[in-house]
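Printed here is run_8.cif (mmCIF, C-alpha atoms):
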```cif
data_model
#
loop_
_atom_site.label_atom_id
_atom_site.label_comp_id
_atom_site.auth_asym_id
_atom_site.auth_seq_id
_atom_site.Cartn_x
_atom_site.Cartn_y
_atom_site.Cartn_z
CA MET A 488 48.31 -118.24 -16.05
CA TRP A 489 49.40 -117.83 -19.62
CA GLN A 490 48.81 -119.41 -23.00
CA PHE A 491 51.26 -122.22 -23.70
CA THR A 492 52.43 -121.82 -27.31
CA LYS A 493 56.03 -121.59 -28.60
CA ALA A 494 57.55 -121.75 -25.12
CA ARG A 495 56.74 -125.47 -24.88
CA ASN A 496 59.39 -126.22 -27.51
CA ILE A 497 62.03 -124.54 -25.40
CA VAL A 498 61.30 -125.81 -21.92
CA CYS A 499 59.84 -129.31 -22.55
CA GLY A 500 62.21 -132.03 -23.65
CA LYS A 501 61.63 -135.43 -25.21
CA GLY A 502 60.12 -138.03 -22.90
CA ILE A 503 58.90 -135.46 -20.38
CA GLN A 504 55.13 -135.23 -20.07
CA GLU A 505 54.26 -132.12 -21.96
CA PRO A 506 50.91 -130.39 -22.17
CA ALA A 507 48.97 -130.36 -25.45
CA LEU A 508 49.06 -127.26 -27.66
CA GLY A 509 46.79 -124.57 -26.41
CA GLU A 510 46.52 -126.10 -22.94
CA ARG A 511 46.72 -123.64 -20.07
CA VAL A 512 49.57 -124.35 -17.69
CA THR A 513 50.87 -122.60 -14.63
CA GLU A 514 54.36 -121.14 -14.36
CA ARG A 515 55.06 -123.66 -11.62
CA VAL A 516 54.59 -126.61 -14.01
CA CYS A 517 57.02 -125.12 -16.52
CA VAL A 518 59.65 -124.47 -13.87
CA SER A 519 59.35 -128.06 -12.63
CA VAL A 520 59.81 -129.33 -16.21
CA VAL A 521 62.98 -127.26 -16.57
CA PHE A 522 64.30 -128.53 -13.25
CA ARG A 523 63.57 -132.13 -14.27
CA GLN A 524 65.48 -131.61 -17.50
CA ILE A 525 68.44 -130.13 -15.66
CA ALA A 526 68.37 -132.99 -13.13
CA ARG A 527 68.32 -135.56 -15.92
CA ALA A 528 71.25 -133.87 -17.68
CA LEU A 529 73.20 -133.83 -14.39
CA ILE A 530 72.55 -137.57 -13.85
CA VAL A 531 73.82 -138.38 -17.36
CA ALA A 532 76.86 -136.13 -16.82
CA GLU A 533 77.58 -137.90 -13.51
CA ILE A 534 77.37 -141.34 -15.16
CA ILE A 535 79.79 -140.22 -17.90
CA LEU A 536 82.11 -138.71 -15.28
CA ARG A 537 82.04 -141.95 -13.22
CA PHE A 538 82.70 -143.98 -16.38
CA CYS A 539 85.72 -141.87 -17.38
CA VAL A 540 87.24 -141.60 -13.89
CA GLY A 541 86.71 -145.35 -13.25
CA GLY A 542 88.24 -146.31 -16.60
CA ILE A 543 91.29 -144.08 -16.10
CA VAL A 544 91.97 -145.30 -12.52
CA VAL A 545 91.59 -148.96 -13.56
CA CYS A 546 93.97 -148.42 -16.52
CA LEU A 547 96.59 -146.75 -14.29
CA PHE A 548 96.57 -149.71 -11.90
CA ALA A 549 96.71 -152.11 -14.89
CA VAL A 550 99.80 -150.37 -16.36
CA PHE A 551 101.53 -150.55 -12.98
CA ALA A 552 100.57 -154.24 -12.58
CA ASP A 553 101.90 -155.09 -16.07
CA ALA A 554 105.31 -153.65 -15.21
CA LEU A 555 105.67 -155.42 -11.85
CA LYS A 556 107.60 -158.66 -11.31
CA PRO A 557 107.07 -161.30 -9.90
CA LYS A 558 103.55 -161.96 -11.15
CA SER A 559 102.23 -163.04 -7.74
CA PHE A 560 103.10 -159.52 -6.47
CA ALA A 561 101.55 -157.94 -9.55
CA GLY A 562 98.43 -159.95 -8.73
CA LEU A 563 97.96 -157.76 -5.62
CA LEU A 564 96.90 -154.99 -7.98
CA GLY A 565 94.12 -157.20 -9.31
CA ALA A 566 92.38 -156.33 -6.05
CA ALA A 567 93.30 -152.65 -6.10
CA PRO A 568 90.56 -150.32 -4.84
CA SER A 569 90.25 -148.70 -8.28
CA VAL A 570 86.43 -148.60 -8.43
CA ALA A 571 86.26 -147.44 -4.79
CA LEU A 572 88.76 -144.63 -5.39
CA ALA A 573 86.82 -143.44 -8.41
CA THR A 574 83.47 -143.68 -6.63
CA LEU A 575 83.95 -142.63 -3.00
CA GLY A 576 85.23 -139.13 -3.77
CA LEU A 577 82.27 -138.44 -6.07
CA THR A 578 79.84 -139.92 -3.55
CA VAL A 579 81.13 -137.72 -0.72
CA TRP A 580 80.87 -134.69 -2.98
CA LYS A 581 77.31 -135.51 -4.00
CA LYS A 582 75.70 -137.27 -1.02
CA GLY A 583 77.93 -136.56 1.98
CA SER A 584 80.46 -138.50 4.01
CA ALA A 585 77.90 -140.49 6.08
CA TYR A 586 76.43 -142.01 2.89
CA ALA A 587 79.93 -142.80 1.56
CA ALA A 588 80.87 -144.41 4.90
CA LEU A 589 77.86 -146.74 4.56
CA GLU A 590 79.08 -147.72 1.09
CA ALA A 591 82.56 -148.38 2.51
CA GLN A 592 81.05 -150.57 5.24
CA SER A 593 79.31 -152.69 2.59
CA MET A 594 82.52 -152.79 0.61
CA ILE A 595 84.08 -154.90 3.40
CA PHE A 596 81.60 -157.70 2.61
CA GLY A 597 82.31 -157.35 -1.09
CA ALA A 598 86.04 -157.68 -0.34
CA ILE A 599 85.51 -160.86 1.74
CA ALA A 600 83.52 -162.30 -1.18
CA PHE A 601 86.37 -161.26 -3.52
CA PHE A 602 88.86 -163.15 -1.31
CA ILE A 603 86.80 -166.38 -1.56
CA TYR A 604 86.36 -165.82 -5.31
CA ALA A 605 90.12 -165.35 -5.90
CA VAL A 606 91.09 -168.41 -3.82
CA VAL A 607 88.56 -170.62 -5.65
CA VAL A 608 89.65 -169.30 -9.08
CA SER A 609 93.33 -169.90 -8.23
CA ARG A 610 92.65 -173.52 -7.17
CA ILE A 611 90.45 -174.33 -10.19
CA LEU A 612 93.02 -172.87 -12.61
CA ARG A 613 95.82 -174.89 -11.00
CA ARG A 614 93.95 -178.20 -11.09
CA GLY A 615 91.32 -177.84 -13.81
CA GLU A 616 91.44 -177.84 -17.58
CA TRP A 617 89.37 -174.73 -18.27
CA SER A 618 90.61 -171.43 -19.67
CA ALA A 619 91.21 -168.44 -17.38
CA LEU A 620 88.42 -166.39 -18.94
CA SER A 621 85.77 -169.12 -18.53
CA VAL A 622 86.76 -169.83 -14.89
CA THR A 623 86.96 -166.16 -13.85
CA ALA A 624 83.71 -165.23 -15.61
CA ALA A 625 81.72 -168.23 -14.34
CA SER A 626 82.97 -167.70 -10.78
CA LEU A 627 81.50 -164.18 -10.70
CA VAL A 628 78.26 -165.92 -9.66
CA LEU A 629 80.15 -167.11 -6.56
CA TRP A 630 81.19 -163.53 -5.79
CA LEU A 631 77.62 -162.29 -6.15
CA GLY A 632 76.26 -165.09 -3.93
CA CYS A 633 78.87 -164.59 -1.21
CA ALA A 634 78.64 -160.78 -1.21
CA PHE A 635 74.84 -160.73 -0.86
CA ALA A 636 74.88 -163.55 1.71
CA PHE A 637 77.42 -161.72 3.92
CA ARG A 638 75.53 -158.44 3.59
CA TYR A 639 72.26 -160.18 4.49
CA LEU A 640 73.85 -161.93 7.51
CA ALA A 641 75.29 -158.64 8.73
CA LEU A 642 71.86 -157.00 8.59
CA LEU A 643 70.29 -159.75 10.74
CA MET B 1277 113.15 -162.81 -5.92
CA LEU B 1278 112.99 -159.08 -5.36
CA VAL B 1279 110.05 -157.01 -6.50
CA LYS B 1280 111.01 -154.98 -9.56
CA ILE B 1281 109.50 -152.82 -12.26
CA GLU B 1282 110.13 -153.82 -15.89
CA ALA B 1283 108.93 -151.13 -18.26
CA SER B 1284 109.51 -153.44 -21.25
CA GLU B 1285 106.56 -155.59 -20.08
CA ILE B 1286 104.22 -152.65 -20.72
CA ARG B 1287 105.17 -152.70 -24.41
CA ASP B 1288 103.90 -156.30 -24.69
CA THR B 1289 100.39 -155.09 -23.88
CA ARG B 1290 98.46 -153.86 -26.90
CA TRP B 1291 96.35 -150.69 -26.96
CA TYR B 1292 93.07 -152.62 -27.28
CA GLU B 1293 93.90 -154.56 -24.11
CA TYR B 1294 94.06 -151.28 -22.20
CA ALA B 1295 90.90 -150.14 -24.01
CA THR B 1296 89.14 -153.30 -22.76
CA ARG B 1297 90.23 -152.56 -19.20
CA PHE B 1298 89.12 -148.93 -19.55
CA LEU B 1299 85.72 -150.10 -20.80
CA PHE B 1300 85.26 -152.69 -18.03
CA GLY B 1301 86.51 -150.34 -15.30
CA GLY B 1302 84.31 -147.50 -16.53
CA LEU B 1303 81.25 -149.74 -16.86
CA VAL B 1304 81.66 -151.21 -13.36
CA THR B 1305 82.20 -147.76 -11.78
CA ALA B 1306 79.16 -146.28 -13.55
CA THR B 1307 77.04 -149.36 -12.74
CA ALA B 1308 78.09 -149.26 -9.06
CA GLY B 1309 76.88 -145.65 -8.93
CA LEU B 1310 73.56 -146.53 -10.56
CA ILE B 1311 73.02 -149.52 -8.24
CA ALA B 1312 73.74 -147.33 -5.20
CA ALA B 1313 71.26 -144.73 -6.47
CA ARG B 1314 68.56 -147.36 -7.08
CA PHE B 1315 69.05 -149.78 -4.15
CA GLY B 1316 70.90 -147.66 -1.58
CA PRO B 1317 74.46 -147.61 -0.23
CA ALA B 1318 74.20 -151.03 1.51
CA ILE B 1319 73.87 -152.83 -1.83
CA GLY B 1320 75.80 -150.32 -3.97
CA GLY B 1321 78.80 -150.53 -1.64
CA LEU B 1322 79.22 -154.25 -2.35
CA PHE B 1323 80.07 -153.40 -5.95
CA LEU B 1324 83.00 -151.20 -4.89
CA ALA B 1325 84.82 -154.53 -4.36
CA PHE B 1326 83.55 -156.15 -7.56
CA PRO B 1327 86.27 -158.09 -9.44
CA ALA B 1328 86.04 -155.53 -12.25
CA ILE B 1329 89.12 -156.15 -14.30
CA PHE B 1330 90.30 -159.41 -12.78
CA PRO B 1331 88.78 -161.70 -15.49
CA ALA B 1332 90.31 -159.52 -18.23
CA SER B 1333 93.72 -159.38 -16.48
CA ALA B 1334 93.85 -163.13 -15.80
CA SER B 1335 92.99 -164.04 -19.38
CA LEU B 1336 95.56 -161.54 -20.70
CA ILE B 1337 98.27 -163.08 -18.48
CA GLU B 1338 97.30 -166.55 -19.74
CA LYS B 1339 97.44 -165.32 -23.35
CA HIS B 1340 100.86 -163.64 -22.92
CA GLU B 1341 102.36 -166.79 -21.33
CA LYS B 1342 100.96 -168.92 -24.17
CA GLU B 1343 102.48 -166.58 -26.75
CA LYS B 1344 105.87 -166.65 -25.02
CA LYS B 1345 105.91 -170.49 -25.08
CA ALA B 1346 104.67 -170.56 -28.69
CA GLN B 1347 107.73 -168.51 -29.75
CA TYR B 1348 109.89 -171.51 -28.79
CA GLY B 1349 107.52 -174.01 -30.41
CA PHE B 1350 105.87 -175.26 -27.20
CA ASP B 1351 102.23 -175.49 -26.25
CA GLY B 1352 101.86 -173.03 -23.39
CA THR B 1353 98.27 -173.85 -22.42
CA LYS B 1354 99.15 -175.35 -19.04
CA ARG B 1355 101.83 -172.74 -18.36
CA GLY B 1356 99.34 -169.99 -19.16
CA ARG B 1357 96.77 -171.42 -16.75
CA LEU B 1358 99.42 -171.70 -14.01
CA ALA B 1359 100.47 -168.07 -14.54
CA ALA B 1360 96.83 -166.98 -14.23
CA SER B 1361 96.53 -169.13 -11.09
CA VAL B 1362 99.58 -167.41 -9.53
CA ASP B 1363 98.06 -164.04 -10.40
CA ALA B 1364 94.78 -165.10 -8.72
CA ALA B 1365 96.68 -166.20 -5.59
CA GLY B 1366 98.30 -162.74 -5.48
CA THR B 1367 94.89 -161.14 -5.94
CA ALA B 1368 93.54 -163.16 -2.98
CA MET B 1369 96.24 -161.54 -0.82
CA GLY B 1370 95.39 -158.17 -2.35
CA THR B 1371 91.79 -158.57 -1.18
CA LEU B 1372 93.03 -158.48 2.43
CA GLY B 1373 94.34 -155.01 1.58
CA LEU B 1374 90.97 -154.18 0.04
CA MET B 1375 89.27 -155.10 3.35
CA ALA B 1376 91.70 -152.79 5.17
CA PHE B 1377 90.95 -149.98 2.66
CA ALA B 1378 87.20 -150.39 3.19
CA GLY B 1379 87.56 -150.57 6.99
CA VAL B 1380 89.65 -147.39 7.14
CA ALA B 1381 87.29 -145.55 4.78
CA TRP B 1382 84.27 -146.64 6.84
CA MET B 1383 85.81 -145.46 10.12
CA LEU B 1384 87.44 -142.22 8.95
CA LEU B 1385 85.19 -140.78 6.22
CA PRO B 1386 82.78 -139.09 8.67
CA GLN B 1387 85.67 -137.64 10.70
CA LEU B 1388 88.45 -136.55 8.33
CA PRO B 1389 88.60 -134.72 4.98
CA THR B 1390 87.95 -137.06 2.02
CA TRP B 1391 91.40 -136.70 0.44
CA LEU B 1392 93.11 -137.52 3.72
CA THR B 1393 90.85 -140.52 4.39
CA LEU B 1394 91.44 -141.92 0.89
CA PHE B 1395 95.21 -141.38 1.28
CA ILE B 1396 95.29 -143.23 4.65
CA ALA B 1397 93.06 -145.97 3.18
CA MET B 1398 95.46 -146.38 0.22
CA VAL B 1399 98.42 -146.67 2.61
CA ALA B 1400 96.46 -149.28 4.61
CA TRP B 1401 95.67 -151.18 1.38
CA ALA B 1402 99.30 -151.18 0.17
CA GLY B 1403 100.72 -152.08 3.61
CA THR B 1404 98.27 -154.92 4.29
CA ALA B 1405 98.54 -156.38 0.78
CA ALA B 1406 102.36 -156.27 0.75
CA THR B 1407 102.57 -157.79 4.25
CA ALA B 1408 100.16 -160.59 3.28
CA TRP B 1409 102.21 -161.25 0.13
CA MET B 1410 105.49 -161.45 2.10
CA ILE B 1411 104.00 -163.80 4.72
CA GLY B 1412 102.50 -165.98 1.99
CA ARG B 1413 105.82 -166.08 0.14
CA HIS B 1414 107.80 -167.07 3.27
CA ARG B 1415 105.32 -169.85 4.08
CA TRP B 1416 105.52 -171.14 0.49
CA ARG B 1417 109.34 -171.06 0.56
CA ASP B 1418 109.47 -172.84 3.91
CA ARG B 1419 107.11 -175.56 2.71
CA HIS B 1420 109.07 -176.15 -0.49
CA SER B 1421 112.53 -176.14 1.07
CA GLY B 1422 111.45 -178.71 3.65
CA VAL B 1423 112.13 -176.41 6.59
CA GLN B 1424 108.57 -176.78 7.82
CA THR B 1425 108.83 -180.59 7.81
CA GLN B 1426 112.13 -180.44 9.70
CA LYS B 1427 110.64 -178.07 12.26
CA ALA B 1428 107.69 -180.41 12.74
CA LYS B 1429 109.99 -183.39 13.20
CA GLY B 1430 112.12 -181.46 15.70
CA LEU B 1431 109.06 -180.51 17.72
CA ARG B 1432 107.86 -184.11 17.82
CA ALA B 1433 111.28 -185.35 18.94
#
```
Please render this file's structure as structure tokens.
Amino acid sequence: MWQFTKARNIVCGKGIQEPALGERVTERVCVSVVFRQIARALIVAEIILRFCVGGIVVCLFAVFADALKPKSFAGLLGAAPSVALATLGLTVWKKGSAYAALEAQSMIFGAIAFFIYAVVVSRILRRGEWSALSVTAASLVLWLGCAFAFRYLALL
Amino acid sequence: MLVKIEASEIRDTRWYEYATRFLFGGLVTATAGLIAARFGPAIGGLFLAFPAIFPASASLIEKHEKEKKAQYGFDGTKRGRLAASVDAAGTAMGTLGLMAFAGVAWMLLPQLPTWLTLFIAMVAWAGTAATAWMIGRHRWRDRHSGVQTQKAKGLRA
């Protein structure tokens, strides 16, 4: 047991429940506060890392797609596993290969939903009068619906 | 038409268009991680096949086609939509490759090193997507050259 004075400013960060001045705290509490701060910093660092890796991988595929002809072949890269490539490696590193394999299994249902989404978008754009952005953005609801429905059916 | 790489096409794309893709790609990747952390791998995994940059890519293709037509004084609205539609049809074939990628990753991740699994999965993606594209192209060509109709008539006779 020790008096909690100046040390609180060092070990307790913003938003973390900190004891009032003069309150007696155990060493254990202070250590847990430090660990929570470190864990929070690691989570933020991981999000930033995922953001950067994902952005770079997506851009690389986009550059390659822009240079390819004909456009129907370049369209293949619209369904490139850019997010998966950026994510699976980090997931294996952090949570193990069994966890990543479960994510990959779910990804199959997401890909089936993507197939339906792309076919519907292609047909609407060919026959409809709406712009590409409005059709592709509005149809994302279709992707969400299909993906969750397939996942739910598989769990039954 | 053979598949070819035209580096000059890259110059048509402006820096902010790549910045948009970087932003979307980064956001989707980070969000997929957060969803997996909050709701588990069964839900988070779905977002690994989220059409992250497809809306941005399709609208950019439409815009570029419109601009090309406008240079010659034509309204390229319909042409732009058709180009985006062709891109979407290609993407639909690409999703078959995405299924192959996910299937390979699911089966091999617990058994092989990560780098090797991802490499095999990428090969599976490229092979499946390219094969689907070639089959789709042959079917389209047959239908439009009337070969399919002739074959059907021959079979009936």
**Message:** Env of Met1369 in chain B: 8 Å cut, atoms = only C-alpha atoms, seq-sep filter 5 positions within chain, self excluded. Answer as a PyMOL selection string.
**Reply:** (chain A and resi 563+602) or (chain B and resi 1405+1408-1409)
For the selection just defined, write its residues with C-alpha atoms to a file, as a PDB file, in the frame of the given file.
```pdb
ATOM      1  CA  LEU A 563      97.960-157.760  -5.620  1.00  0.00           C
ATOM      2  CA  PHE A 602      88.860-163.150  -1.310  1.00  0.00           C
TER       3      PHE A 602
ATOM      4  CA  ALA B1405      98.540-156.380   0.780  1.00  0.00           C
ATOM      5  CA  ALA B1408     100.160-160.590   3.280  1.00  0.00           C
ATOM      6  CA  TRP B1409     102.210-161.250   0.130  1.00  0.00           C
TER       7      TRP B1409
END
```
**Request:** Compute the set of chain B residues within 6 Å of chain A, using only C-alpha atoms, and express it as a ChimeraX atom specification.
**Result:** /B:1279-1283,1285-1286,1298,1301-1303,1305-1306,1317-1318,1321-1322,1324-1325,1330-1331,1335,1357-1358,1361-1368,1370-1371,1375,1378,1381-1382,1385-1386
Output C-alpha atoms for every residue in that selection, as a CSV table (one decimal), in the coordinates of the input.
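Done, and the output landed in selection.csv:
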```
chain,number,residue,atom,x,y,z
B,1279,VAL,CA,110.0,-157.0,-6.5
B,1280,LYS,CA,111.0,-155.0,-9.6
B,1281,ILE,CA,109.5,-152.8,-12.3
B,1282,GLU,CA,110.1,-153.8,-15.9
B,1283,ALA,CA,108.9,-151.1,-18.3
B,1285,GLU,CA,106.6,-155.6,-20.1
B,1286,ILE,CA,104.2,-152.6,-20.7
B,1298,PHE,CA,89.1,-148.9,-19.6
B,1301,GLY,CA,86.5,-150.3,-15.3
B,1302,GLY,CA,84.3,-147.5,-16.5
B,1303,LEU,CA,81.2,-149.7,-16.9
B,1305,THR,CA,82.2,-147.8,-11.8
B,1306,ALA,CA,79.2,-146.3,-13.6
B,1317,PRO,CA,74.5,-147.6,-0.2
B,1318,ALA,CA,74.2,-151.0,1.5
B,1321,GLY,CA,78.8,-150.5,-1.6
B,1322,LEU,CA,79.2,-154.2,-2.4
B,1324,LEU,CA,83.0,-151.2,-4.9
B,1325,ALA,CA,84.8,-154.5,-4.4
B,1330,PHE,CA,90.3,-159.4,-12.8
B,1331,PRO,CA,88.8,-161.7,-15.5
B,1335,SER,CA,93.0,-164.0,-19.4
B,1357,ARG,CA,96.8,-171.4,-16.8
B,1358,LEU,CA,99.4,-171.7,-14.0
B,1361,SER,CA,96.5,-169.1,-11.1
B,1362,VAL,CA,99.6,-167.4,-9.5
B,1363,ASP,CA,98.1,-164.0,-10.4
B,1364,ALA,CA,94.8,-165.1,-8.7
B,1365,ALA,CA,96.7,-166.2,-5.6
B,1366,GLY,CA,98.3,-162.7,-5.5
B,1367,THR,CA,94.9,-161.1,-5.9
B,1368,ALA,CA,93.5,-163.2,-3.0
B,1370,GLY,CA,95.4,-158.2,-2.4
B,1371,THR,CA,91.8,-158.6,-1.2
B,1375,MET,CA,89.3,-155.1,3.4
B,1378,ALA,CA,87.2,-150.4,3.2
B,1381,ALA,CA,87.3,-145.6,4.8
B,1382,TRP,CA,84.3,-146.6,6.8
B,1385,LEU,CA,85.2,-140.8,6.2
B,1386,PRO,CA,82.8,-139.1,8.7
```
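CA of Gly1403 in chain B to CA of Tyr1294 in chain B spans 26.7 Å [interatomic distance, one decimal].
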(100.0, -172.1, -23.3) in this file's frame - what residues fall within 9 Å of it? Use only C-alpha atoms and give the answer as a tab-separated table (two decimals) with C-alpha atoms, in the coordinates of the input.
```
chain	number	residue	atom	x	y	z
B	1338	GLU	CA	97.30	-166.55	-19.74
B	1339	LYS	CA	97.44	-165.32	-23.35
B	1340	HIS	CA	100.86	-163.64	-22.92
B	1341	GLU	CA	102.36	-166.79	-21.33
B	1342	LYS	CA	100.96	-168.92	-24.17
B	1343	GLU	CA	102.48	-166.58	-26.75
B	1344	LYS	CA	105.87	-166.65	-25.02
B	1345	LYS	CA	105.91	-170.49	-25.08
B	1346	ALA	CA	104.67	-170.56	-28.69
B	1350	PHE	CA	105.87	-175.26	-27.20
B	1351	ASP	CA	102.23	-175.49	-26.25
B	1352	GLY	CA	101.86	-173.03	-23.39
B	1353	THR	CA	98.27	-173.85	-22.42
B	1354	LYS	CA	99.15	-175.35	-19.04
B	1355	ARG	CA	101.83	-172.74	-18.36
B	1356	GLY	CA	99.34	-169.99	-19.16
B	1357	ARG	CA	96.77	-171.42	-16.75
```
**Asked** When you draw a straight line from CA of Phe1300 in chain B to CA of Ala1332 in chain B, how long is it in Å?
**Response** 8.5 Å
Expected file for range 1297-1310 of chain B keeping N, CA, C and O atoms, as a PDB file, in the first residue's frame:
```
ATOM      1  N   ARG B1297      -9.286   5.449 -53.464  1.00  0.00           N
ATOM      2  CA  ARG B1297      -9.209   3.988 -53.338  1.00  0.00           C
ATOM      3  C   ARG B1297      -8.437   3.589 -52.085  1.00  0.00           C
ATOM      4  O   ARG B1297      -8.807   2.637 -51.391  1.00  0.00           O
ATOM      5  N   PHE B1298      -7.344   4.327 -51.803  1.00  0.00           N
ATOM      6  CA  PHE B1298      -6.547   4.051 -50.602  1.00  0.00           C
ATOM      7  C   PHE B1298      -7.423   4.212 -49.357  1.00  0.00           C
ATOM      8  O   PHE B1298      -7.428   3.358 -48.465  1.00  0.00           O
ATOM      9  N   LEU B1299      -8.189   5.309 -49.351  1.00  0.00           N
ATOM     10  CA  LEU B1299      -9.061   5.607 -48.205  1.00  0.00           C
ATOM     11  C   LEU B1299     -10.117   4.513 -48.021  1.00  0.00           C
ATOM     12  O   LEU B1299     -10.299   3.979 -46.923  1.00  0.00           O
ATOM     13  N   PHE B1300     -10.805   4.160 -49.113  1.00  0.00           N
ATOM     14  CA  PHE B1300     -11.854   3.134 -49.054  1.00  0.00           C
ATOM     15  C   PHE B1300     -11.262   1.788 -48.633  1.00  0.00           C
ATOM     16  O   PHE B1300     -11.812   1.113 -47.763  1.00  0.00           O
ATOM     17  N   GLY B1301     -10.164   1.414 -49.284  1.00  0.00           N
ATOM     18  CA  GLY B1301      -9.513   0.125 -48.990  1.00  0.00           C
ATOM     19  C   GLY B1301      -9.074   0.054 -47.540  1.00  0.00           C
ATOM     20  O   GLY B1301      -9.301  -0.945 -46.852  1.00  0.00           O
ATOM     21  N   GLY B1302      -8.443   1.140 -47.078  1.00  0.00           N
ATOM     22  CA  GLY B1302      -7.974   1.201 -45.694  1.00  0.00           C
ATOM     23  C   GLY B1302      -9.127   1.134 -44.715  1.00  0.00           C
ATOM     24  O   GLY B1302      -9.075   0.394 -43.729  1.00  0.00           O
ATOM     25  N   LEU B1303     -10.191   1.893 -44.999  1.00  0.00           N
ATOM     26  CA  LEU B1303     -11.358   1.917 -44.108  1.00  0.00           C
ATOM     27  C   LEU B1303     -12.010   0.545 -44.003  1.00  0.00           C
ATOM     28  O   LEU B1303     -12.350   0.090 -42.907  1.00  0.00           O
ATOM     29  N   VAL B1304     -12.178  -0.114 -45.164  1.00  0.00           N
ATOM     30  CA  VAL B1304     -12.833  -1.438 -45.158  1.00  0.00           C
ATOM     31  C   VAL B1304     -11.975  -2.455 -44.409  1.00  0.00           C
ATOM     32  O   VAL B1304     -12.492  -3.244 -43.607  1.00  0.00           O
ATOM     33  N   THR B1305     -10.655  -2.415 -44.629  1.00  0.00           N
ATOM     34  CA  THR B1305      -9.760  -3.371 -43.948  1.00  0.00           C
ATOM     35  C   THR B1305      -9.798  -3.156 -42.431  1.00  0.00           C
ATOM     36  O   THR B1305      -9.899  -4.118 -41.663  1.00  0.00           O
ATOM     37  N   ALA B1306      -9.719  -1.877 -42.026  1.00  0.00           N
ATOM     38  CA  ALA B1306      -9.741  -1.577 -40.585  1.00  0.00           C
ATOM     39  C   ALA B1306     -11.098  -1.961 -39.991  1.00  0.00           C
ATOM     40  O   ALA B1306     -11.169  -2.547 -38.903  1.00  0.00           O
ATOM     41  N   THR B1307     -12.183  -1.642 -40.721  1.00  0.00           N
ATOM     42  CA  THR B1307     -13.531  -1.957 -40.222  1.00  0.00           C
ATOM     43  C   THR B1307     -13.736  -3.472 -40.117  1.00  0.00           C
ATOM     44  O   THR B1307     -14.345  -3.955 -39.152  1.00  0.00           O
ATOM     45  N   ALA B1308     -13.229  -4.215 -41.113  1.00  0.00           N
ATOM     46  CA  ALA B1308     -13.352  -5.685 -41.077  1.00  0.00           C
ATOM     47  C   ALA B1308     -12.678  -6.238 -39.820  1.00  0.00           C
ATOM     48  O   ALA B1308     -13.221  -7.141 -39.168  1.00  0.00           O
ATOM     49  N   GLY B1309     -11.523  -5.677 -39.479  1.00  0.00           N
ATOM     50  CA  GLY B1309     -10.813  -6.101 -38.267  1.00  0.00           C
ATOM     51  C   GLY B1309     -11.622  -5.798 -37.013  1.00  0.00           C
ATOM     52  O   GLY B1309     -11.713  -6.624 -36.107  1.00  0.00           O
ATOM     53  N   LEU B1310     -12.216  -4.601 -36.977  1.00  0.00           N
ATOM     54  CA  LEU B1310     -13.002  -4.199 -35.799  1.00  0.00           C
ATOM     55  C   LEU B1310     -14.258  -5.059 -35.650  1.00  0.00           C
ATOM     56  O   LEU B1310     -14.627  -5.447 -34.543  1.00  0.00           O
TER      57      LEU B1310
END
```
